[in-house]
file my_file-v9.txt (compact mmCIF, C-alpha atoms)
# COMPACT_ATOMS: atom_id res chain seq x y z
CA GLY A 615 -39.01 -36.40 -12.84
CA LEU A 616 -39.56 -32.77 -12.07
CA GLY A 617 -42.37 -30.93 -13.76
CA GLU A 618 -43.99 -34.08 -15.16
CA PRO A 619 -47.66 -34.51 -14.36
CA LEU A 620 -48.10 -37.35 -11.90
CA SER A 621 -51.19 -38.65 -13.71
CA ARG A 622 -49.25 -39.37 -16.93
CA GLN A 623 -46.71 -41.65 -15.29
CA ALA A 624 -47.51 -45.36 -15.23
CA TYR A 625 -45.96 -47.59 -12.61
CA ASP A 626 -46.49 -51.16 -11.55
CA GLN A 627 -49.09 -51.83 -8.94
CA PRO A 628 -47.59 -52.91 -5.63
CA GLN A 629 -48.51 -56.26 -4.20
CA PRO A 630 -51.38 -56.08 -1.65
CA GLN A 631 -49.11 -56.55 1.36
CA GLU A 632 -46.18 -54.54 0.04
CA SER A 633 -44.90 -51.64 2.09
CA PHE A 634 -42.16 -49.12 1.41
CA GLU A 635 -39.48 -47.42 3.47
CA LEU A 636 -37.69 -44.22 2.59
CA ARG A 637 -34.49 -42.68 3.87
CA LEU A 638 -32.31 -39.74 2.92
CA PHE A 639 -29.47 -40.86 0.66
CA GLY A 640 -26.38 -38.81 1.45
CA ASP A 641 -26.43 -35.37 3.00
CA VAL A 642 -25.46 -33.18 0.06
CA PRO A 643 -28.36 -31.18 -1.38
CA LEU A 644 -28.65 -30.74 -5.12
CA CYS A 645 -29.46 -27.21 -6.21
CA SER A 646 -32.35 -27.35 -8.65
CA GLY A 647 -31.71 -23.85 -9.92
CA GLY A 648 -35.28 -22.90 -8.99
CA ARG A 649 -36.50 -20.76 -6.15
CA VAL A 650 -39.07 -21.18 -3.37
CA SER A 651 -40.30 -17.98 -1.77
CA GLY A 652 -37.38 -16.10 -3.31
CA GLU A 653 -34.80 -18.45 -1.74
CA PRO A 654 -32.72 -21.11 -3.55
CA ALA A 655 -34.63 -24.36 -3.98
CA TYR A 656 -32.87 -27.62 -3.15
CA GLU A 657 -33.57 -31.17 -4.12
CA PHE A 658 -32.45 -34.27 -2.29
CA LEU A 659 -31.87 -37.93 -3.05
CA TYR A 660 -33.90 -40.50 -1.14
CA GLU A 661 -33.57 -44.24 -1.27
CA VAL A 662 -36.83 -46.17 -1.33
CA SER A 663 -37.02 -49.86 -0.50
CA SER A 664 -39.77 -52.42 -0.45
CA ASP A 665 -40.34 -55.32 1.90
CA LEU A 666 -40.49 -57.59 -1.17
CA PRO A 667 -37.09 -59.15 -1.88
CA SER A 668 -37.85 -59.21 -5.61
CA ARG A 669 -37.97 -55.39 -5.75
CA ARG A 670 -34.54 -53.83 -5.37
CA PRO A 671 -34.09 -50.43 -3.67
CA TRP A 672 -34.14 -47.39 -5.96
CA ARG A 673 -33.60 -43.65 -5.60
CA ILE A 674 -35.82 -40.67 -6.19
CA GLN A 675 -34.92 -37.00 -6.33
CA CYS A 676 -37.28 -34.41 -4.91
CA GLY A 677 -37.43 -31.08 -3.19
CA TYR A 678 -40.01 -28.94 -1.48
CA ALA A 679 -41.85 -28.07 -4.71
CA GLY A 680 -42.33 -31.77 -5.46
CA ILE A 681 -43.62 -32.46 -1.94
CA GLU A 682 -46.01 -29.54 -2.19
CA ARG A 683 -47.30 -30.87 -5.55
CA LEU A 684 -47.66 -34.39 -4.09
CA HIS A 685 -49.61 -33.02 -1.09
CA ARG A 686 -51.93 -31.03 -3.36
CA ASP A 687 -52.51 -34.03 -5.68
CA LEU A 688 -53.31 -36.28 -2.70
CA GLN A 689 -55.80 -33.73 -1.38
CA MET A 690 -57.46 -33.47 -4.82
CA ARG A 691 -57.97 -37.26 -4.74
CA GLY A 692 -59.89 -36.98 -1.48
CA ASN A 693 -57.07 -37.75 0.97
CA LEU A 694 -57.87 -35.18 3.61
CA SER A 695 -56.11 -36.64 6.66
CA LEU A 696 -52.55 -35.95 5.55
CA PRO A 697 -49.57 -34.98 7.68
CA ARG A 698 -48.76 -31.28 7.85
CA LEU A 699 -46.45 -30.05 5.11
CA PRO A 700 -43.03 -28.99 6.39
CA ASP A 701 -42.22 -25.28 6.24
CA PRO A 702 -40.54 -24.36 2.97
CA ARG A 703 -37.93 -22.23 4.77
CA PRO A 704 -37.18 -21.35 8.39
CA ARG A 705 -39.21 -18.42 9.65
CA GLY A 706 -38.58 -15.60 12.04
CA MET A 707 -35.25 -15.35 13.84
CA LYS A 708 -34.29 -18.93 12.94
CA LYS A 709 -33.50 -17.95 9.37
CA PHE A 710 -30.90 -15.40 10.47
CA PHE A 711 -28.91 -17.84 12.61
CA ARG A 712 -28.66 -20.83 10.27
CA SER A 713 -26.20 -21.41 7.48
CA GLU A 714 -27.61 -22.28 4.06
CA ASP A 715 -26.18 -25.82 4.37
CA ARG A 716 -27.90 -26.36 7.69
CA VAL A 717 -31.18 -25.01 6.31
CA ALA A 718 -30.92 -27.44 3.37
CA GLN A 719 -30.14 -30.39 5.67
CA GLU A 720 -33.07 -29.56 7.93
CA GLN A 721 -35.37 -29.31 4.94
CA ALA A 722 -34.15 -32.71 3.68
CA LYS A 723 -34.94 -34.26 7.08
CA GLN A 724 -38.38 -32.62 7.20
CA ILE A 725 -39.22 -33.92 3.72
CA GLU A 726 -37.95 -37.38 4.73
CA HIS A 727 -40.16 -37.30 7.84
CA TYR A 728 -43.20 -36.16 5.82
CA LEU A 729 -42.75 -38.98 3.27
CA GLN A 730 -42.15 -41.58 6.00
CA THR A 731 -45.35 -40.45 7.71
CA LEU A 732 -47.27 -40.78 4.43
CA LEU A 733 -45.88 -44.27 3.88
CA ALA A 734 -46.98 -45.30 7.38
CA LEU A 735 -50.61 -44.37 6.73
CA PRO A 736 -52.65 -47.49 5.82
CA ASN A 737 -54.81 -45.67 3.25
CA MET A 738 -51.69 -44.50 1.38
CA ARG A 739 -50.30 -47.99 0.70
CA ASN A 740 -52.01 -48.28 -2.70
CA SER A 741 -52.35 -44.58 -3.55
CA GLN A 742 -51.59 -44.21 -7.26
CA VAL A 743 -50.47 -40.62 -6.69
CA LEU A 744 -47.95 -41.65 -4.03
CA LEU A 745 -46.73 -44.66 -6.03
CA ALA A 746 -46.18 -42.45 -9.08
CA PHE A 747 -44.30 -39.93 -6.94
CA LEU A 748 -42.10 -42.74 -5.56
CA GLN A 749 -41.44 -43.96 -9.13
CA VAL A 750 -41.98 -47.59 -8.11
CA PRO A 751 -40.01 -49.74 -10.59
CA PRO A 752 -41.19 -53.10 -11.96
CA LEU A 753 -40.64 -56.20 -9.90
CA HIS A 754 -37.44 -57.98 -10.88
CA SER A 755 -39.26 -61.31 -10.99
CA GLU A 756 -41.02 -59.99 -14.11
CA LEU A 757 -37.69 -59.53 -15.82
CA PRO A 758 -35.86 -62.58 -17.20
CA SER A 759 -33.00 -63.84 -15.09
CA ALA A 760 -29.43 -63.88 -16.37
CA GLU A 761 -29.73 -67.67 -16.56
CA GLN A 762 -32.86 -67.45 -18.72
CA VAL A 763 -31.27 -64.82 -20.97
CA GLY A 764 -28.09 -66.90 -21.21
CA GLU A 765 -30.03 -70.06 -22.04
CA HIS A 766 -32.03 -68.30 -24.72
CA ALA A 767 -28.88 -66.69 -26.15
CA ALA A 768 -27.17 -70.11 -26.24
CA GLN A 769 -30.13 -71.55 -28.16
CA VAL A 770 -30.04 -68.70 -30.67
CA VAL A 771 -26.26 -69.01 -31.16
CA SER A 772 -26.52 -72.79 -31.48
CA GLY A 773 -29.30 -72.50 -34.08
CA ALA A 774 -27.41 -69.85 -36.03
CA SER A 775 -24.20 -71.92 -35.95
CA SER A 776 -26.10 -74.95 -37.20
CA MET A 777 -27.58 -72.95 -40.10
CA ILE A 778 -24.16 -71.55 -41.01
CA CYS A 779 -22.67 -75.04 -40.88
CA ARG A 780 -25.36 -76.40 -43.24
CA ALA A 781 -24.88 -73.47 -45.59
CA CYS A 782 -21.11 -74.03 -45.63
CA CYS A 783 -21.58 -77.76 -46.25
CA GLY A 784 -23.94 -77.01 -49.14
CA PHE A 785 -21.54 -74.43 -50.59
CA CYS A 786 -18.56 -76.79 -50.26
CA GLY A 787 -20.59 -79.65 -51.76
CA GLY A 788 -21.48 -77.44 -54.71
CA LEU A 789 -17.83 -76.45 -55.20
CA ARG A 790 -16.74 -80.07 -54.97
CA GLY A 791 -19.28 -81.07 -57.65
CA ARG A 792 -18.19 -78.28 -59.99
CA LEU A 793 -14.54 -79.08 -59.40
CA GLN A 794 -15.12 -82.76 -60.17
CA SER A 795 -17.08 -81.94 -63.34
CA PHE A 796 -14.38 -79.48 -64.37
CA LEU A 797 -11.59 -81.97 -63.69
CA GLY A 798 -13.58 -84.79 -65.27
CA GLY A 799 -14.37 -82.64 -68.32
CA GLY A 800 -10.78 -81.45 -68.64
CA SER A 801 -9.26 -84.95 -68.73
CA GLY A 802 -11.61 -86.15 -71.50
CA ALA A 803 -10.68 -83.23 -73.78
CA GLY A 804 -6.94 -83.70 -73.51
call {"tool": "encode", "arguments": {"input": "my_file-v9.txt", "output": "structure tokens"}}
result
Amino acid sequence: GLGEPLSRQAYDQPQPQESFELRLFGDVPLCSGGRVSGEPAYEFLYEVSSDLPSRRPWRIQCGYAGIERLHRDLQMRGNLSLPRLPDPRPRGMKKFFRSEDRVAQEQAKQIEHYLQTLLALPNMRNSQVLLAFLQVPPLHSELPSAEQVGEHAAQVVSGASSMICRACCGFCGGLRGRLQSFLGGGSGAG
């Protein structure tokens, strides 16, 4: 999420040959409420997918401030051959002739291009900083399947039903014994 230190987030390690793809999800920017260089700051949704079929696609939300933080964190870890950061806002005459929507869409595309370029770099494949930024979820093969959960649930329900049945049989047997002793005791007194 936003504002969380990247080093505190723990995510599963990717498989050695795993690679990721990223694409812009939708074209509507989300206003973060923040500001970059005095202008409104936008965030965008991106869908990330893996080449492993056991890892389903997921979405991340980020804006320019997050990309800037990612770039700085990568540099601090010794990654010096990084792509150039996109401009935070259009400069010069460009900014006067573009609508705010168009500026936001261009920024989303520039961020998408920057992240795609990072993902294409071989030395970035296992970067903990990048993986934390991408919020890589656990592999679904590590989670139990619906069949396994259903089988386990059936065993639990079956065991519980069996215990309830035994308890009911014991209770009914006890009632039957008391009823017989009561009826047997009542006929001898009368």
call {"tool": "residues_around", "arguments": {"input": "my_file-v9.txt", "residues": "A:Leu744", "least_positions_apart": "3", "cutoff": "10 Å", "atoms": "all atoms listed in the file", "output": "PyMOL selection string"}}
result
chain A and resi 620+684-685+687-688+729+732-733+738-741+747-750
call {"tool": "residues_around", "arguments": {"input": "my_file-v9.txt", "residues": "stretch 631-636 of chain A", "least_positions_apart": "5", "cutoff": "8 Å", "atoms": "all atoms listed in the file", "output": "list of chain:residue names"}}
result
A:Tyr660, A:Glu661, A:Val662, A:Ser663, A:Ser664, A:Asp665, A:Leu666, A:Glu726, A:Leu729, A:Gln730, A:Leu733, A:Arg739
call {"tool": "write_last_selection", "arguments": {"input": "my_file-v9.txt", "atoms": "C-alpha atoms", "output": "PDB file, in the coordinates of the input"}}
result
ATOM      1  CA  TYR A 660     -33.900 -40.500  -1.140  1.00  0.00           C
ATOM      2  CA  GLU A 661     -33.570 -44.240  -1.270  1.00  0.00           C
ATOM      3  CA  VAL A 662     -36.830 -46.170  -1.330  1.00  0.00           C
ATOM      4  CA  SER A 663     -37.020 -49.860  -0.500  1.00  0.00           C
ATOM      5  CA  SER A 664     -39.770 -52.420  -0.450  1.00  0.00           C
ATOM      6  CA  ASP A 665     -40.340 -55.320   1.900  1.00  0.00           C
ATOM      7  CA  LEU A 666     -40.490 -57.590  -1.170  1.00  0.00           C
ATOM      8  CA  GLU A 726     -37.950 -37.380   4.730  1.00  0.00           C
ATOM      9  CA  LEU A 729     -42.750 -38.980   3.270  1.00  0.00           C
ATOM     10  CA  GLN A 730     -42.150 -41.580   6.000  1.00  0.00           C
ATOM     11  CA  LEU A 733     -45.880 -44.270   3.880  1.00  0.00           C
ATOM     12  CA  ARG A 739     -50.300 -47.990   0.700  1.00  0.00           C
TER      13      ARG A 739
END
call {"tool": "closest_residue", "arguments": {"input": "my_file-v9.txt", "among": "A:Cys783, A:Val771, A:Val743, A:Phe796", "to": "A:Gly692", "atoms": "only C-alpha atoms"}}
result
A:Val743
call {"tool": "closest_residue", "arguments": {"input": "my_file-v9.txt", "among": "A:Ala746, A:Leu753, A:Met777, A:Leu699", "to": "A:Ile725", "atoms": "all atoms listed in the file"}}
result
A:Leu699
call {"tool": "closest_residue", "arguments": {"input": "my_file-v9.txt", "among": "A:Leu793, A:Arg673, A:Ala679, A:Arg637", "to": "A:Thr731", "atoms": "only C-alpha atoms"}}
result
A:Arg637
call {"tool": "closest_residue", "arguments": {"input": "my_file-v9.txt", "among": "A:Gln742, A:Ser776, A:Gln794, A:Asn737", "to": "A:Ser695", "atoms": "all atoms listed in the file"}}
result
A:Asn737
call {"tool": "atom_distance", "arguments": {"input": "my_file-v9.txt", "atom1": "atom CA of A:Gly677", "atom2": "atom CA of A:Ala722"}}
result
7.8 Å
call {"tool": "axis_aligned_box", "arguments": {"input": "my_file-v9.txt", "around": "stretch 762-775 of chain A", "padding_each_side": "4 Å", "output": "AutoDock Vina command-line options"}}
result
--center_x -28.5 --center_y -68.8 --center_z -27.4 --size_x 16.7 --size_y 16.0 --size_z 25.3
call {"tool": "atom_distance", "arguments": {"input": "my_file-v9.txt", "atom1": "atom CA of A:Leu659", "atom2": "atom CA of A:Trp672"}}
result
10.2 Å
call {"tool": "atom_distance", "arguments": {"input": "my_file-v9.txt", "atom1": "atom CA of A:Tyr728", "atom2": "atom CA of A:Arg683"}}
result
13.2 Å
call {"tool": "decode", "arguments": {"input": "my_file-v9.txt", "residues": "stretch 685-702 of chain A", "atoms": "N, CA and C atoms", "output": "short mmCIF file (atom, residue, chain, number, x, y, z; two decimals), in the first residue's frame"}}
result
data_model
loop_
_atom_site.label_atom_id
_atom_site.label_comp_id
_atom_site.auth_asym_id
_atom_site.auth_seq_id
_atom_site.Cartn_x
_atom_site.Cartn_y
_atom_site.Cartn_z
N HIS A 685 12.17 3.65 -7.42
CA HIS A 685 13.42 3.99 -8.12
C HIS A 685 14.53 4.29 -7.11
N ARG A 686 14.20 5.10 -6.12
CA ARG A 686 15.17 5.47 -5.08
C ARG A 686 15.62 4.23 -4.29
N ASP A 687 14.66 3.37 -3.91
CA ASP A 687 14.99 2.15 -3.15
C ASP A 687 15.86 1.21 -3.97
N LEU A 688 15.60 1.10 -5.27
CA LEU A 688 16.42 0.25 -6.13
C LEU A 688 17.84 0.80 -6.22
N GLN A 689 17.96 2.12 -6.34
CA GLN A 689 19.29 2.74 -6.40
C GLN A 689 20.05 2.52 -5.10
N MET A 690 19.36 2.61 -3.96
CA MET A 690 20.01 2.42 -2.67
C MET A 690 20.52 0.99 -2.50
N ARG A 691 19.92 0.04 -3.22
CA ARG A 691 20.35 -1.36 -3.16
C ARG A 691 21.43 -1.67 -4.20
N GLY A 692 21.95 -0.63 -4.84
CA GLY A 692 23.06 -0.83 -5.77
C GLY A 692 22.65 -1.04 -7.21
N ASN A 693 21.39 -0.90 -7.54
CA ASN A 693 20.93 -1.04 -8.93
C ASN A 693 21.09 0.32 -9.61
N LEU A 694 22.19 0.48 -10.30
CA LEU A 694 22.50 1.78 -10.88
C LEU A 694 22.09 1.90 -12.34
N SER A 695 21.91 0.80 -13.04
CA SER A 695 21.52 0.87 -14.45
C SER A 695 20.01 0.68 -14.56
N LEU A 696 19.30 1.72 -14.15
CA LEU A 696 17.83 1.70 -14.18
C LEU A 696 17.33 2.57 -15.31
N PRO A 697 16.12 2.29 -15.79
CA PRO A 697 15.55 3.18 -16.81
C PRO A 697 15.31 4.57 -16.21
N ARG A 698 15.23 5.55 -17.07
CA ARG A 698 14.99 6.92 -16.64
C ARG A 698 13.56 7.04 -16.10
N LEU A 699 13.44 7.73 -14.98
CA LEU A 699 12.11 7.98 -14.42
C LEU A 699 11.30 8.85 -15.37
N PRO A 700 10.01 8.57 -15.50
CA PRO A 700 9.19 9.47 -16.33
C PRO A 700 9.05 10.83 -15.65
N ASP A 701 8.75 11.85 -16.43
CA ASP A 701 8.54 13.18 -15.85
C ASP A 701 7.27 13.15 -15.00
N PRO A 702 7.31 13.82 -13.85
CA PRO A 702 6.11 13.81 -13.01
C PRO A 702 4.93 14.55 -13.65
#
